[in-house]
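Undergrad: Pasting protein17.csv here (CSV, C-alpha atoms):
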```csv
chain,number,residue,atom,x,y,z
A,15,MET,CA,5.9,21.8,31.7
A,16,ARG,CA,3.1,19.2,31.3
A,17,ILE,CA,0.9,19.4,28.2
A,18,GLU,CA,-2.8,20.1,29.0
A,19,ILE,CA,-5.8,20.3,26.7
A,20,GLN,CA,-9.0,22.0,27.5
A,21,PRO,CA,-12.2,21.7,25.4
A,22,LEU,CA,-13.3,24.7,23.4
A,23,HIS,CA,-16.5,23.2,22.0
A,24,PRO,CA,-19.2,20.7,23.2
A,25,VAL,CA,-18.2,18.0,20.7
A,26,PHE,CA,-14.6,18.7,19.5
A,27,VAL,CA,-11.7,21.2,19.5
A,28,GLY,CA,-9.1,21.5,22.3
A,29,GLU,CA,-6.9,24.3,23.4
A,30,VAL,CA,-3.3,23.2,24.2
A,31,SER,CA,-1.1,24.7,26.9
A,32,GLY,CA,2.3,23.7,28.3
A,33,VAL,CA,4.2,23.4,25.0
A,34,ASP,CA,6.6,25.7,23.1
A,35,LEU,CA,6.7,24.7,19.4
A,36,ARG,CA,10.0,26.4,18.9
A,37,ARG,CA,11.7,23.6,20.9
A,38,PRO,CA,12.1,19.9,20.0
A,39,LEU,CA,9.4,17.7,21.5
A,40,ASP,CA,10.1,14.5,23.3
A,41,ALA,CA,8.2,11.3,22.5
A,42,ASP,CA,5.7,11.8,25.4
A,43,ALA,CA,4.8,15.2,24.2
A,44,VAL,CA,4.2,14.0,20.6
A,45,ALA,CA,2.1,11.1,22.0
A,46,ALA,CA,0.0,13.5,24.1
A,47,ILE,CA,-0.7,15.7,21.1
A,48,GLU,CA,-1.6,12.7,18.9
A,49,GLN,CA,-4.0,11.5,21.6
A,50,GLY,CA,-5.5,15.0,21.7
A,51,MET,CA,-6.0,14.9,18.0
A,52,ASP,CA,-7.8,11.5,18.2
A,53,ARG,CA,-10.1,12.9,20.8
A,54,TYR,CA,-10.7,16.5,19.7
A,55,ALA,CA,-9.8,16.4,15.9
A,56,VAL,CA,-8.8,20.1,16.1
A,57,LEU,CA,-6.1,21.6,18.5
A,58,VAL,CA,-5.4,25.2,19.0
A,59,PHE,CA,-1.9,26.4,20.1
A,60,HIS,CA,-1.7,30.1,21.1
A,61,ASP,CA,1.3,32.4,21.2
A,62,GLN,CA,3.6,30.2,19.0
A,63,ARG,CA,6.0,32.7,17.3
A,64,ILE,CA,7.6,30.1,15.1
A,65,SER,CA,9.7,30.2,11.9
A,66,ASP,CA,9.0,28.2,8.8
A,67,GLU,CA,11.8,25.8,9.8
A,68,GLU,CA,10.3,25.3,13.3
A,69,GLN,CA,6.9,24.7,11.9
A,70,ILE,CA,8.2,22.1,9.5
A,71,ALA,CA,10.2,20.4,12.3
A,72,PHE,CA,7.1,20.2,14.5
A,73,SER,CA,4.9,18.9,11.7
A,74,GLU,CA,7.4,16.2,10.7
A,75,ARG,CA,7.0,14.6,14.2
A,76,PHE,CA,3.6,13.3,12.9
A,77,GLY,CA,4.7,11.9,9.6
A,78,ALA,CA,6.1,12.8,6.1
A,79,LEU,CA,4.9,16.1,4.7
A,80,GLU,CA,3.1,16.7,1.5
A,81,ARG,CA,4.5,19.1,-1.1
A,82,PRO,CA,1.9,21.5,-2.5
A,83,GLY,CA,3.3,21.0,-6.0
A,84,ALA,CA,0.6,20.0,-8.6
A,85,ALA,CA,-2.1,20.6,-6.0
A,86,SER,CA,-1.7,24.3,-6.5
A,87,ASN,CA,-2.0,26.5,-9.6
A,88,ILE,CA,1.6,27.6,-8.8
A,89,THR,CA,3.8,24.9,-10.3
A,90,LYS,CA,7.0,26.8,-11.0
A,91,PRO,CA,9.5,27.0,-8.1
A,92,GLU,CA,10.5,30.6,-9.1
A,93,ASP,CA,6.8,31.7,-8.7
A,94,ARG,CA,6.5,30.5,-5.1
A,95,ARG,CA,6.8,32.8,-2.1
A,96,LEU,CA,7.5,30.0,0.4
A,97,GLY,CA,9.6,26.9,0.5
A,98,PRO,CA,8.5,23.6,-1.1
A,99,LEU,CA,7.0,22.1,2.1
A,100,LEU,CA,4.7,25.1,2.9
A,101,ALA,CA,1.3,25.9,1.3
A,102,ASP,CA,0.9,29.6,1.0
A,103,ILE,CA,-2.5,30.5,2.4
A,104,SER,CA,-2.1,34.3,2.0
A,105,ASN,CA,-3.1,37.2,-0.1
A,106,LEU,CA,0.6,38.0,-1.1
A,107,ASP,CA,2.6,37.4,-4.2
A,108,LYS,CA,6.1,36.1,-4.4
A,109,ASN,CA,7.5,39.6,-3.7
A,110,ASP,CA,5.3,40.0,-0.5
A,111,ARG,CA,3.0,42.4,-2.3
A,112,LEU,CA,-0.8,42.3,-2.0
A,113,LEU,CA,-2.5,40.3,-4.8
A,114,GLY,CA,-4.8,42.3,-6.9
A,115,ARG,CA,-8.5,41.6,-6.7
A,116,ASP,CA,-8.6,40.0,-10.1
A,117,ASP,CA,-5.3,38.2,-9.7
A,118,ARG,CA,-5.6,34.6,-10.9
A,119,GLN,CA,-3.8,33.2,-7.8
A,120,ARG,CA,-6.3,35.0,-5.6
A,121,MET,CA,-9.3,33.8,-7.6
A,122,PHE,CA,-8.0,30.2,-7.3
A,123,ASN,CA,-7.5,30.5,-3.6
A,124,LEU,CA,-11.1,31.7,-3.0
A,125,GLY,CA,-11.9,27.9,-3.1
A,126,ASN,CA,-10.6,27.9,0.5
A,127,GLN,CA,-13.8,29.6,1.4
A,128,LEU,CA,-15.8,26.4,0.5
A,129,TRP,CA,-16.2,23.6,3.0
A,130,HIS,CA,-13.5,21.1,2.2
A,131,SER,CA,-10.9,18.6,3.5
A,132,ASP,CA,-7.3,19.3,2.5
A,133,SER,CA,-5.9,17.1,-0.2
A,134,SER,CA,-9.0,14.9,-0.6
A,135,PHE,CA,-8.3,15.4,-4.4
A,136,ARG,CA,-5.1,13.4,-3.9
A,137,ALA,CA,-5.1,9.6,-4.3
A,138,VAL,CA,-3.6,9.5,-0.8
A,139,PRO,CA,-5.4,12.3,1.0
A,140,ALA,CA,-3.9,14.3,3.9
A,141,LYS,CA,-3.8,13.2,7.6
A,142,TYR,CA,-3.1,16.4,9.5
A,143,SER,CA,-2.9,20.1,8.5
A,144,LEU,CA,-1.1,22.7,10.6
A,145,LEU,CA,-1.8,26.4,9.9
A,146,SER,CA,0.3,29.2,11.4
A,147,GLY,CA,-1.2,32.7,11.5
A,148,ARG,CA,1.8,35.0,11.0
A,149,VAL,CA,-0.2,38.1,10.1
A,150,VAL,CA,-3.9,38.2,10.6
A,151,PRO,CA,-6.6,40.7,9.7
A,152,ALA,CA,-8.0,43.0,12.4
A,153,LYS,CA,-11.5,41.7,11.6
A,154,GLY,CA,-12.8,38.7,9.7
A,155,GLY,CA,-10.7,35.9,8.1
A,156,ASN,CA,-11.8,33.3,10.7
A,157,THR,CA,-11.5,29.6,10.0
A,158,GLU,CA,-14.5,27.4,10.6
A,159,PHE,CA,-14.3,23.7,11.4
A,160,ALA,CA,-17.0,21.0,11.2
A,161,ASP,CA,-16.9,17.7,13.1
A,162,MET,CA,-17.6,14.9,10.6
A,163,ARG,CA,-17.8,12.3,13.4
A,164,ALA,CA,-20.6,14.1,15.2
A,165,ALA,CA,-22.4,14.7,11.9
A,166,TYR,CA,-22.2,11.0,11.0
A,167,ASP,CA,-23.5,10.0,14.5
A,168,ALA,CA,-26.5,12.2,14.0
A,169,LEU,CA,-27.6,10.6,10.8
A,170,ASP,CA,-30.6,8.2,10.9
A,171,ASP,CA,-29.9,4.5,10.5
A,172,GLU,CA,-31.4,4.4,7.0
A,173,THR,CA,-29.0,7.1,5.7
A,174,LYS,CA,-26.0,5.4,7.3
A,175,ALA,CA,-26.9,2.1,5.6
A,176,GLU,CA,-27.4,3.9,2.2
A,177,ILE,CA,-24.0,5.7,2.2
A,178,GLU,CA,-21.9,3.1,4.0
A,179,ASP,CA,-20.2,1.7,0.8
A,180,LEU,CA,-20.4,4.7,-1.5
A,181,VAL,CA,-17.3,6.0,-3.2
A,182,CYS,CA,-17.0,9.6,-4.5
A,183,GLU,CA,-14.8,11.3,-7.1
A,184,HIS,CA,-12.8,14.3,-5.8
A,185,SER,CA,-11.0,16.9,-7.8
A,186,LEU,CA,-10.1,20.6,-7.7
A,187,ILE,CA,-12.0,20.8,-11.0
A,188,TYR,CA,-15.2,20.3,-9.0
A,189,SER,CA,-14.5,22.8,-6.2
A,190,ARG,CA,-13.2,25.5,-8.6
A,191,GLY,CA,-16.2,24.9,-10.8
A,192,ILE,CA,-18.5,25.9,-8.0
A,193,LEU,CA,-16.9,29.4,-8.2
A,194,GLY,CA,-17.0,29.5,-12.0
A,195,PHE,CA,-13.2,29.1,-12.3
A,196,ALA,CA,-13.2,25.7,-14.0
A,197,ASP,CA,-13.4,27.2,-17.5
A,198,ASP,CA,-10.2,29.1,-16.9
A,199,LEU,CA,-8.1,26.0,-16.0
A,200,THR,CA,-5.2,25.2,-18.4
A,201,GLU,CA,-4.8,21.8,-20.0
A,202,GLN,CA,-1.9,21.1,-17.6
A,203,GLU,CA,-4.0,22.0,-14.6
A,204,ARG,CA,-6.8,19.7,-15.8
A,205,ARG,CA,-4.3,16.8,-16.1
A,206,ASN,CA,-2.9,17.6,-12.6
A,207,PHE,CA,-6.5,17.7,-11.2
A,208,GLU,CA,-7.7,14.3,-12.6
A,209,PRO,CA,-10.4,13.0,-10.2
A,210,VAL,CA,-9.5,10.4,-7.6
A,211,ARG,CA,-11.8,8.1,-5.6
A,212,GLN,CA,-12.5,8.4,-1.9
A,213,ARG,CA,-14.9,6.6,0.5
A,214,LEU,CA,-17.8,8.7,1.7
A,215,VAL,CA,-17.7,7.0,5.1
A,216,ARG,CA,-14.3,6.6,6.8
A,217,THR,CA,-13.3,4.8,9.9
A,218,HIS,CA,-10.6,6.3,12.2
A,219,PRO,CA,-7.6,3.8,12.4
A,220,VAL,CA,-7.1,4.4,16.2
A,221,THR,CA,-10.5,5.1,17.7
A,222,GLY,CA,-12.6,3.1,15.2
A,223,ARG,CA,-15.1,6.0,15.1
A,224,LYS,CA,-16.9,6.6,11.7
A,225,SER,CA,-17.1,9.9,10.1
A,226,LEU,CA,-18.4,11.5,6.9
A,227,TYR,CA,-15.7,12.3,4.3
A,228,LEU,CA,-17.1,15.3,2.5
A,229,SER,CA,-15.5,18.2,0.6
A,230,ALA,CA,-16.3,20.7,-2.0
A,231,HIS,CA,-13.8,18.7,-4.1
A,232,ALA,CA,-16.4,15.8,-4.2
A,233,GLY,CA,-18.4,16.1,-7.5
A,234,ARG,CA,-19.6,12.6,-8.3
A,235,ILE,CA,-20.6,9.3,-6.6
A,236,VAL,CA,-19.4,6.2,-8.5
A,237,GLY,CA,-22.4,4.5,-10.1
A,238,TRP,CA,-24.8,7.3,-9.6
A,239,PRO,CA,-26.2,9.9,-12.0
A,240,THR,CA,-24.3,13.2,-11.4
A,241,PRO,CA,-27.3,15.3,-10.5
A,242,GLU,CA,-28.5,12.8,-8.0
A,243,ALA,CA,-25.0,12.4,-6.5
A,244,ARG,CA,-24.6,16.2,-6.1
A,245,ALA,CA,-28.0,16.6,-4.5
A,246,LEU,CA,-27.1,13.9,-1.9
A,247,LEU,CA,-23.6,15.4,-1.3
A,248,ARG,CA,-25.2,18.9,-0.9
A,249,ASP,CA,-27.8,17.5,1.6
A,250,LEU,CA,-25.0,15.7,3.6
A,251,THR,CA,-22.9,18.9,3.6
A,252,GLU,CA,-25.8,21.0,4.9
A,253,HIS,CA,-26.4,18.4,7.6
A,254,ALA,CA,-22.7,18.2,8.6
A,255,THR,CA,-22.3,22.0,8.8
A,256,GLN,CA,-25.2,22.8,11.2
A,257,ARG,CA,-24.1,25.1,14.0
A,258,GLU,CA,-23.9,22.4,16.6
A,259,PHE,CA,-21.2,20.7,14.7
A,260,VAL,CA,-19.1,23.9,13.9
A,261,TYR,CA,-16.4,25.8,15.7
A,262,ALA,CA,-15.3,29.2,14.4
A,263,HIS,CA,-11.7,30.0,15.2
A,264,VAL,CA,-11.0,33.7,15.6
A,265,TRP,CA,-7.3,34.1,14.7
A,266,ARG,CA,-4.8,35.8,17.0
A,267,GLU,CA,-1.4,36.5,15.6
A,268,ASN,CA,1.0,33.5,16.2
A,269,ASP,CA,-1.8,31.0,16.6
A,270,LEU,CA,-1.2,27.6,15.2
A,271,VAL,CA,-4.2,25.4,14.6
A,272,MET,CA,-3.8,21.7,13.8
A,273,TRP,CA,-6.6,19.5,12.5
A,274,ASP,CA,-7.4,16.0,11.3
A,275,ASN,CA,-8.6,16.0,7.7
A,276,ARG,CA,-10.0,12.5,8.2
A,277,GLN,CA,-12.5,13.7,10.8
A,278,THR,CA,-13.2,17.3,9.9
A,279,MET,CA,-14.1,19.8,7.2
A,280,HIS,CA,-13.1,23.5,7.3
A,281,ARG,CA,-13.4,26.7,5.4
A,282,ALA,CA,-11.9,30.2,5.5
A,283,ARG,CA,-14.2,33.2,6.0
A,284,ARG,CA,-14.0,36.5,4.2
A,285,PHE,CA,-12.5,39.7,5.4
A,286,ARG,CA,-13.4,42.9,3.7
A,287,ASP,CA,-10.4,45.2,4.0
A,288,MET,CA,-8.4,44.4,0.8
A,289,ALA,CA,-5.5,46.5,2.1
A,290,GLU,CA,-4.9,44.2,5.0
A,291,VAL,CA,-2.3,41.4,4.9
A,292,ARG,CA,-3.4,37.8,5.8
A,293,ASP,CA,-0.2,35.7,5.9
A,294,MET,CA,-1.0,32.1,6.8
A,295,ARG,CA,1.4,29.2,6.2
A,296,ARG,CA,0.3,25.6,6.2
A,297,THR,CA,2.2,22.3,6.5
A,298,THR,CA,0.4,19.1,5.7
A,299,VAL,CA,1.1,15.6,7.0
A,300,ALA,CA,0.5,13.0,4.3
A,301,GLY,CA,-1.9,10.2,4.8
A,302,ASP,CA,-0.9,6.5,4.7
A,303,GLY,CA,-3.0,5.1,1.9
A,304,PRO,CA,-6.0,5.5,-0.5
A,305,THR,CA,-9.3,5.5,1.4
A,306,VAL,CA,-11.0,3.0,-1.0
A,307,GLU,CA,-8.4,0.4,0.1
A,308,GLN,CA,-8.7,1.1,3.9
A,309,ALA,CA,-10.5,-1.6,5.8
A,310,ALA,CA,-12.9,-0.7,8.6
A,311,ALA,CA,-11.1,-0.7,11.9
```
Can the structure in the file be given as structure tokens, please?
TA:
Amino acid sequence: MRIEIQPLHPVFVGEVSGVDLRRPLDADAVAAIEQGMDRYAVLVFHDQRISDEEQIAFSERFGALERPGAASNITKPEDRRLGPLLADISNLDKNDRLLGRDDRQRMFNLGNQLWHSDSSFRAVPAKYSLLSGRVVPAKGGNTEFADMRAAYDALDDETKAEIEDLVCEHSLIYSRGILGFADDLTEQERRNFEPVRQRLVRTHPVTGRKSLYLSAHAGRIVGWPTPEARALLRDLTEHATQREFVYAHVWRENDLVMWDNRQTMHRARRFRDMAEVRDMRRTTVAGDGPTVEQAAA
């Protein structure tokens, strides 16, 4: 069956049909999906009842995968619920029991409700993320995406010129600090979360299109006073997350959503029923270099 992609939003996001992610993909199918990612930045695949192994195999067609490792507050293999290539975006502990409201792991993961780009706190940030909804709440728990290309295009020329060469520092310390969690970080976590530098404006290597590279992980601009830097980053984030740039994905069980972290931000939304399970599993395709060293296309 031929892969088809239909737009779900006026400026980005496509819905993919004609593919079964449980089966190996040929080169033409992989190329079609990559072209869809370049155009839409977010792709939605419905009714994909896949295993962890099948999700990993599909993800690896687009590059080497990140290991969550030090990017999480779970660093011991024996404390992990999932395998080493899967990020656990759930409210479950290693024994598949619901996390308590005050559980430290749950508190840390609340940072996913802030606008962010996955792994912008790594020296080499992520390319794609692929999130599989294995068990989803009956109501709430949506994921919102913002198109950073459209947001950049809508800036005035003076602002584009001002931010063109700016470099930001990104760290989980900054994003968790927004939630009041930073004081509870261990010394080992602080070492793991040392800030890294990323460009504020990125250029897509295939399309040549520019986009903002924003995230809750961004806490400073190199060479700027911290309060002034955070004020600008807040203004840009408010601009970039206006409703015309945002798509809200309402999860159905066995959805898989794939997005380009170089061109989008995203955030999880709350769901109120603490007795409901939300089991989401993410694979992350690694990027190919530090952004400060990437030349404009």
Undergrad: Nearest to Phe207 of chain A among A:Ala137, A:Leu22, A:Ile192, A:Cys182, with distances taken over all atoms listed in the file: which residue is it?
TA: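 Comparing A:Ala137, A:Leu22, A:Ile192, A:Cys182 against Phe207 of chain A, the winner is A:Ala137.
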Undergrad: Name the closest residue to Gly237 of chain A among the candidates A:Leu270, A:Leu180, A:Leu186, A:Ala254; distances are taken between atoms, counting all atoms listed in the file.
TA: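 Of all the options, A:Leu180 lies closest to Gly237 of chain A.
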Undergrad: Could you tell me how far atom CA of Leu145 of chain A sits from atom CA of Ile17 of chain A, in Å to one decimal place?
TA: 19.8 Å
Undergrad: Counting only C-alpha atoms, which residues come within 12 Å of (-17.5, 24.3, -1.6), with the point read in the file's coordinates, and could you list them as a PyMOL selection string?
TA: chain A and resi 123-131+184-194+228-233+244+247-248+251-252+255+279-282
Undergrad: Out of A:Glu242, A:Glu74, A:Asp249, A:Asp110, which residue has the shortest atom-to-atom distance to Ala165 of chain A when counting all atoms listed in the file?
TA: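 Between A:Glu242, A:Glu74, A:Asp249, A:Asp110, the residue approaching Ala165 of chain A most closely is A:Asp249.
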Undergrad: For a cutoff of 9 Å around the file-coordinate point (7.2, 14.8, 6.1), which residues qualify once you count all atoms listed in the file? I'd like the result as number ranges by chain.
TA: A: 70-71, 73-81, 99, 298-300
Undergrad: Which is closer to Thr297 of chain A than all the others in A:Pro98, A:Gly28, A:Pro21, A:Pro38, using only C-alpha atoms?
TA: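 Smallest distance to Thr297 of chain A is found for A:Pro98.
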Undergrad: Quick one: of A:Ile47, A:Gln69, A:Asn275, A:Arg205, who's nearest to Glu29 of chain A, counting all atoms listed in the file?
TA: A:Ile47
Undergrad: So which one's closest to Gly147 of chain A, A:Arg283, A:Ser134, A:Trp273, A:Phe59? Using all atoms listed in the file, please.
TA: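 Among the listed residues, A:Phe59 lies closest to Gly147 of chain A.
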Undergrad: Just how far from atom CA of Met272 of chain A is atom CA of Leu226 of chain A, in Å to one decimal?
TA: 19.1 Å
Undergrad: How many Å lie between atom CA of Arg211 of chain A and atom CA of Glu307 of chain A, rounded to one decimal?
TA: 10.2 Å
Undergrad: Would you mind listing what lies within 8 Å of Arg276 of chain A as a short mmCIF file (atom, residue, chain, number, x, y, z; two decimals) with C-alpha atoms, in the coordinates of the input, with all atoms listed in the file counted and same-chain residues fewer than 6 positions away left out?
TA:
```cif
data_model
loop_
_atom_site.label_atom_id
_atom_site.label_comp_id
_atom_site.auth_asym_id
_atom_site.auth_seq_id
_atom_site.Cartn_x
_atom_site.Cartn_y
_atom_site.Cartn_z
CA SER A 131 -10.90 18.60 3.50
CA ALA A 140 -3.90 14.30 3.90
CA LYS A 141 -3.80 13.20 7.60
CA ARG A 216 -14.30 6.60 6.80
CA HIS A 218 -10.60 6.30 12.20
CA SER A 225 -17.10 9.90 10.10
CA TYR A 227 -15.70 12.30 4.30
#
```
Undergrad: So that I can see what lies close to Gln119 of chain A, please list as an mmCIF file with C-alpha atoms, in the coordinates of the input the residues with an atom at most 12 Å from it, counting only C-alpha atoms and leaving out residues fewer than 3 positions away in the same chain.
TA:
```
data_model
loop_
_atom_site.group_PDB
_atom_site.id
_atom_site.type_symbol
_atom_site.label_atom_id
_atom_site.label_comp_id
_atom_site.auth_asym_id
_atom_site.auth_seq_id
_atom_site.Cartn_x
_atom_site.Cartn_y
_atom_site.Cartn_z
ATOM 1 C CA SER A 86 -1.700 24.300 -6.500
ATOM 2 C CA ASN A 87 -2.000 26.500 -9.600
ATOM 3 C CA ILE A 88 1.600 27.600 -8.800
ATOM 4 C CA THR A 89 3.800 24.900 -10.300
ATOM 5 C CA ASP A 93 6.800 31.700 -8.700
ATOM 6 C CA ARG A 94 6.500 30.500 -5.100
ATOM 7 C CA ASP A 102 0.900 29.600 1.000
ATOM 8 C CA ILE A 103 -2.500 30.500 2.400
ATOM 9 C CA SER A 104 -2.100 34.300 2.000
ATOM 10 C CA ASN A 105 -3.100 37.200 -0.100
ATOM 11 C CA LEU A 106 0.600 38.000 -1.100
ATOM 12 C CA ASP A 107 2.600 37.400 -4.200
ATOM 13 C CA LYS A 108 6.100 36.100 -4.400
ATOM 14 C CA LEU A 112 -0.800 42.300 -2.000
ATOM 15 C CA LEU A 113 -2.500 40.300 -4.800
ATOM 16 C CA GLY A 114 -4.800 42.300 -6.900
ATOM 17 C CA ARG A 115 -8.500 41.600 -6.700
ATOM 18 C CA ASP A 116 -8.600 40.000 -10.100
ATOM 19 C CA PHE A 122 -8.000 30.200 -7.300
ATOM 20 C CA ASN A 123 -7.500 30.500 -3.600
ATOM 21 C CA LEU A 124 -11.100 31.700 -3.000
ATOM 22 C CA GLY A 125 -11.900 27.900 -3.100
ATOM 23 C CA ASN A 126 -10.600 27.900 0.500
ATOM 24 C CA PHE A 195 -13.200 29.100 -12.300
ATOM 25 C CA ASP A 198 -10.200 29.100 -16.900
ATOM 26 C CA LEU A 199 -8.100 26.000 -16.000
#
```
Undergrad: As a list in words, please: the residues near Ala46 of chain A (cut-off 12 Å, all atoms listed in the file, same-chain neighbours under 6 positions excluded).
TA: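 Contacts, in chain order: Arg16, Ile17, Glu18, Ile19, Val30, Ser31, Gly32, Val33, Leu39, Asp40, Asp52, Arg53, Tyr54, Leu57 and Phe76 of chain A.
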Undergrad: Which residues, written as a PyMOL selection string, have at least one atom at most 10 Å from Arg223 of chain A, with all atoms listed in the file counted and residues fewer than 3 positions away on the same chain left out?
TA: chain A and resi 52+163-164+166-167+216-220+277+310-311
Undergrad: Output: segment 141-154 of chain A of the preceding structure, restricted to N, CA and C atoms, written as an mmCIF file, in the first residue's frame.
TA:
```cif
data_model
loop_
_atom_site.group_PDB
_atom_site.id
_atom_site.type_symbol
_atom_site.label_atom_id
_atom_site.label_comp_id
_atom_site.auth_asym_id
_atom_site.auth_seq_id
_atom_site.Cartn_x
_atom_site.Cartn_y
_atom_site.Cartn_z
ATOM 1 N N LYS A 141 17.311 14.672 17.093
ATOM 2 C CA LYS A 141 16.714 14.902 15.779
ATOM 3 C C LYS A 141 15.215 14.626 15.868
ATOM 4 N N TYR A 142 14.829 13.371 15.889
ATOM 5 C CA TYR A 142 13.422 12.996 15.953
ATOM 6 C C TYR A 142 13.096 12.363 17.310
ATOM 7 N N SER A 143 11.844 12.516 17.739
ATOM 8 C CA SER A 143 11.280 11.742 18.842
ATOM 9 C C SER A 143 10.083 10.962 18.316
ATOM 10 N N LEU A 144 9.883 9.751 18.839
ATOM 11 C CA LEU A 144 8.761 8.908 18.435
ATOM 12 C C LEU A 144 8.099 8.393 19.704
ATOM 13 N N LEU A 145 6.850 8.800 19.927
ATOM 14 C CA LEU A 145 6.141 8.495 21.163
ATOM 15 C C LEU A 145 4.960 7.584 20.862
ATOM 16 N N SER A 146 4.942 6.440 21.535
ATOM 17 C CA SER A 146 3.891 5.444 21.338
ATOM 18 C C SER A 146 2.957 5.454 22.538
ATOM 19 N N GLY A 147 1.660 5.602 22.273
ATOM 20 C CA GLY A 147 0.667 5.623 23.331
ATOM 21 C C GLY A 147 0.118 4.228 23.582
ATOM 22 N N ARG A 148 0.691 3.518 24.552
ATOM 23 C CA ARG A 148 0.262 2.142 24.822
ATOM 24 C C ARG A 148 -1.028 2.107 25.651
ATOM 25 N N VAL A 149 -1.106 2.958 26.685
ATOM 26 C CA VAL A 149 -2.334 3.113 27.481
ATOM 27 C C VAL A 149 -2.523 4.606 27.699
ATOM 28 N N VAL A 150 -3.695 5.123 27.360
ATOM 29 C CA VAL A 150 -3.911 6.563 27.434
ATOM 30 C C VAL A 150 -5.109 6.856 28.336
ATOM 31 N N PRO A 151 -5.109 8.007 29.025
ATOM 32 C CA PRO A 151 -6.245 8.353 29.884
ATOM 33 C C PRO A 151 -7.509 8.571 29.069
ATOM 34 N N ALA A 152 -8.651 8.396 29.715
ATOM 35 C CA ALA A 152 -9.933 8.614 29.040
ATOM 36 C C ALA A 152 -10.132 10.077 28.684
ATOM 37 N N LYS A 153 -9.564 10.977 29.488
ATOM 38 C CA LYS A 153 -9.725 12.400 29.252
ATOM 39 C C LYS A 153 -8.453 13.116 29.687
ATOM 40 N N GLY A 154 -8.004 14.071 28.869
ATOM 41 C CA GLY A 154 -6.799 14.819 29.194
ATOM 42 C C GLY A 154 -5.544 14.072 28.777
#
```
